[in-house]
Amino acid sequence: MTQLTVDTSRQFDLFSKRTIQGGPRFLQRLADGLEDRPYTLFTLKPLGPVIGAEIEGVDLREQVSPEVKAELHRALLEWKVLFFRNQDITSEQQLNFARQWGELENHPFLPKGAAAEITRFEKDANMKGQENNWHTDVSWRLEPSLGAVLRLSEVPPQGGDTLWADMGAAYDNLPEAVKERINGLTAIHDFTPTFGRNMPPELLAQKQAEFPAAEHPVVRTHPETGRKTLFVNPIFTTRIIGLDEEEGEKLLQYLFRQAEIPEYQVRFNWEKNSIALWDNRATQHYASSDYYPNRRVAERISILGDRPY
Ligand SMILES: O=C(O)CCC(=O)C(=O)O
Ligand SMILES: [Fe+2]
């Protein structure tokens with residue numbers, strides 16, 4: 001068995017102090033409805049109790065078989081982000097792997113790599129000031145991304161880790177009163193504060209017409225696991241519908257902070273030829289900007305997803 005069991009008698013005392021008052025909250029390791037079965041076609045090494053696992057024994061230069069794909073799919077639902085090391089793959093092989101998960105996104109704002117479906121994040125000393133923040137990718141779309149495959153084509157000598165947070169664990173561990181408050185609420189997600197910042201007004205108006213702000217549930221149901229996940233993020237979620245500005249903003253800031261709680265996170269240190277595959281419906285992520293003045297180049301392929309409900 002590769003599974004860990006969590007001692008649910010353990011309370012995160014420090015953690016409760018950091019959040020608003022509520023009853024005892026526990027980390028739940030297994031998502032509801034997932035099968036507790038071992039993996040047989042590769043080795044899966046969990047990196048913590050709730051999120052992140054390293055996969056050994058899969059070669060991404062080749063098309064993965066339907067059987068391996070099915071086990072990877074189960075692992076992705078269970079661990080939300082999978083890491084593969086020592087994968088010397090080309091952009092074409094990365095595209096092929098990503099295509100096995102669905103239709104690929106062509107991002108309308110971010111710089112392209114070797115293909116229209118590849119987003120290239122190239123950062124060096126000149127990019128200082130453009131630090132990252134916690135987010136789910138393209139939550140401003142009516143149908144946000146299902147997930148993404150990320151490869152670093154240039155790894156800084158130190159720093160540049162990426163962190164992911166389990167938004168199912170974040171939801172599960174909210175005080176009951178907060179859960180009751182937020183269930184049924186919807187929020188507006190808008191690309192404008194992030195990608196519209198330096199756009200000339202005419203272009204901005206055109207893009208806003210093309211990609212109008214989306215209204216999504218604050219708590220979404222994962223379409224495959226049925227699990228509830230907290231679905232607001234600080235770079236795209238602008239307001240909660242039906243609450244006055246002050247109350248809505250306070251609640252949003254509180255909900256945004258949940259992704260920052262270390263117990264929900266995994267942190268990945270990139271090496272040459274490392275690959276990450278994440279479930280964007282269940283997580284947020286954050287690329288740490290601690291490698292200046294060194295260069296870091298990341299190439300992401302995002303897979304189209306469904307409308308949150
Ligand atoms: O560069 C990274 O580690 C992640 C950047 C990012 O936010 C993404 O690929 O969606
Ligand atoms: Fe991202």
# chains A, B, ... in the order shown; residues from 1 in each chain; ligands from 1
$ residues_around --residues "range 112-119 of chain A" --least-positions-apart "6" --cutoff "8 Å" --atoms "only C-alpha atoms" --output "NGL selection string"
:A and (91 or 104-106 or 299-302)
$ write_last_selection --atoms "C-alpha atoms" --output "PDB file, in the first residue's frame"
ATOM      1  CA  SER A  91       7.892  20.520 -26.662  1.00  0.00           C
ATOM      2  CA  LEU A 104      -5.505  22.258 -25.263  1.00  0.00           C
ATOM      3  CA  GLU A 105      -5.946  25.914 -24.435  1.00  0.00           C
ATOM      4  CA  ASN A 106      -4.586  28.763 -26.510  1.00  0.00           C
ATOM      5  CA  GLU A 299       6.647  26.255 -20.522  1.00  0.00           C
ATOM      6  CA  ARG A 300       3.070  25.460 -19.695  1.00  0.00           C
ATOM      7  CA  ILE A 301       0.410  23.618 -21.620  1.00  0.00           C
ATOM      8  CA  SER A 302      -3.059  24.087 -20.239  1.00  0.00           C
TER       9      SER A 302
END
$ closest_atom_pairs --of "chain A" --to "ligand 1" --cutoff "6 Å" --atoms "only C-alpha atoms and all ligand atoms" --output "tab-separated table"
residue	atom	partner	partner_atom_place_in_ligand_line	distance
A:Asp137	CA	ligand 1	10 (O)	5.7
A:Thr162	CA	ligand 1	3 (O)	4.7
A:Ala287	CA	ligand 1	3 (O)	4.3
A:Ala298	CA	ligand 1	1 (O)	5.2
A:Arg300	CA	ligand 1	9 (O)	5.1
$ residues_around --residues "Pro308 in chain A" --least-positions-apart "2" --cutoff "9 Å" --atoms "only C-alpha atoms" --output "PyMOL selection string"
chain A and resi 142-144+216-217+220-223+231+281+305-306
$ residues_around --residues "Ile89 in chain A" --least-positions-apart "4" --cutoff "7 Å" --atoms "only C-alpha atoms" --output "list in words"
Leu60, Arg61, Gln93 and Gln94 of chain A
$ closest_atom_pairs --of "chain A" --to "ligand 2" --cutoff "9 Å" --atoms "only C-alpha atoms and all ligand atoms" --output "JSON lines"
{"residue": "A:Asn132", "atom": "CA", "partner": "ligand 2", "partner_atom_place_in_ligand_line": "1 (Fe)", "distance": 8.7}
{"residue": "A:Asn133", "atom": "CA", "partner": "ligand 2", "partner_atom_place_in_ligand_line": "1 (Fe)", "distance": 8.9}
{"residue": "A:Trp134", "atom": "CA", "partner": "ligand 2", "partner_atom_place_in_ligand_line": "1 (Fe)", "distance": 8.2}
{"residue": "A:His135", "atom": "CA", "partner": "ligand 2", "partner_atom_place_in_ligand_line": "1 (Fe)", "distance": 6.3}
{"residue": "A:Thr136", "atom": "CA", "partner": "ligand 2", "partner_atom_place_in_ligand_line": "1 (Fe)", "distance": 6.2}
{"residue": "A:Asp137", "atom": "CA", "partner": "ligand 2", "partner_atom_place_in_ligand_line": "1 (Fe)", "distance": 4.8}
{"residue": "A:Val138", "atom": "CA", "partner": "ligand 2", "partner_atom_place_in_ligand_line": "1 (Fe)", "distance": 8.0}
{"residue": "A:Ala148", "atom": "CA", "partner": "ligand 2", "partner_atom_place_in_ligand_line": "1 (Fe)", "distance": 8.7}
{"residue": "A:Asn280", "atom": "CA", "partner": "ligand 2", "partner_atom_place_in_ligand_line": "1 (Fe)", "distance": 8.9}
{"residue": "A:Gln284", "atom": "CA", "partner": "ligand 2", "partner_atom_place_in_ligand_line": "1 (Fe)", "distance": 8.0}
{"residue": "A:His285", "atom": "CA", "partner": "ligand 2", "partner_atom_place_in_ligand_line": "1 (Fe)", "distance": 6.3}
{"residue": "A:Tyr286", "atom": "CA", "partner": "ligand 2", "partner_atom_place_in_ligand_line": "1 (Fe)", "distance": 7.1}
{"residue": "A:Ala287", "atom": "CA", "partner": "ligand 2", "partner_atom_place_in_ligand_line": "1 (Fe)", "distance": 7.8}
{"residue": "A:Arg300", "atom": "CA", "partner": "ligand 2", "partner_atom_place_in_ligand_line": "1 (Fe)", "distance": 8.5}
$ residues_around --residues "Thr229 in chain A" --least-positions-apart "6" --cutoff "6 Å" --atoms "only C-alpha atoms" --output "list of chain:residue names"
A:Met167, A:Gly168, A:Tyr171, A:Val219, A:Arg220
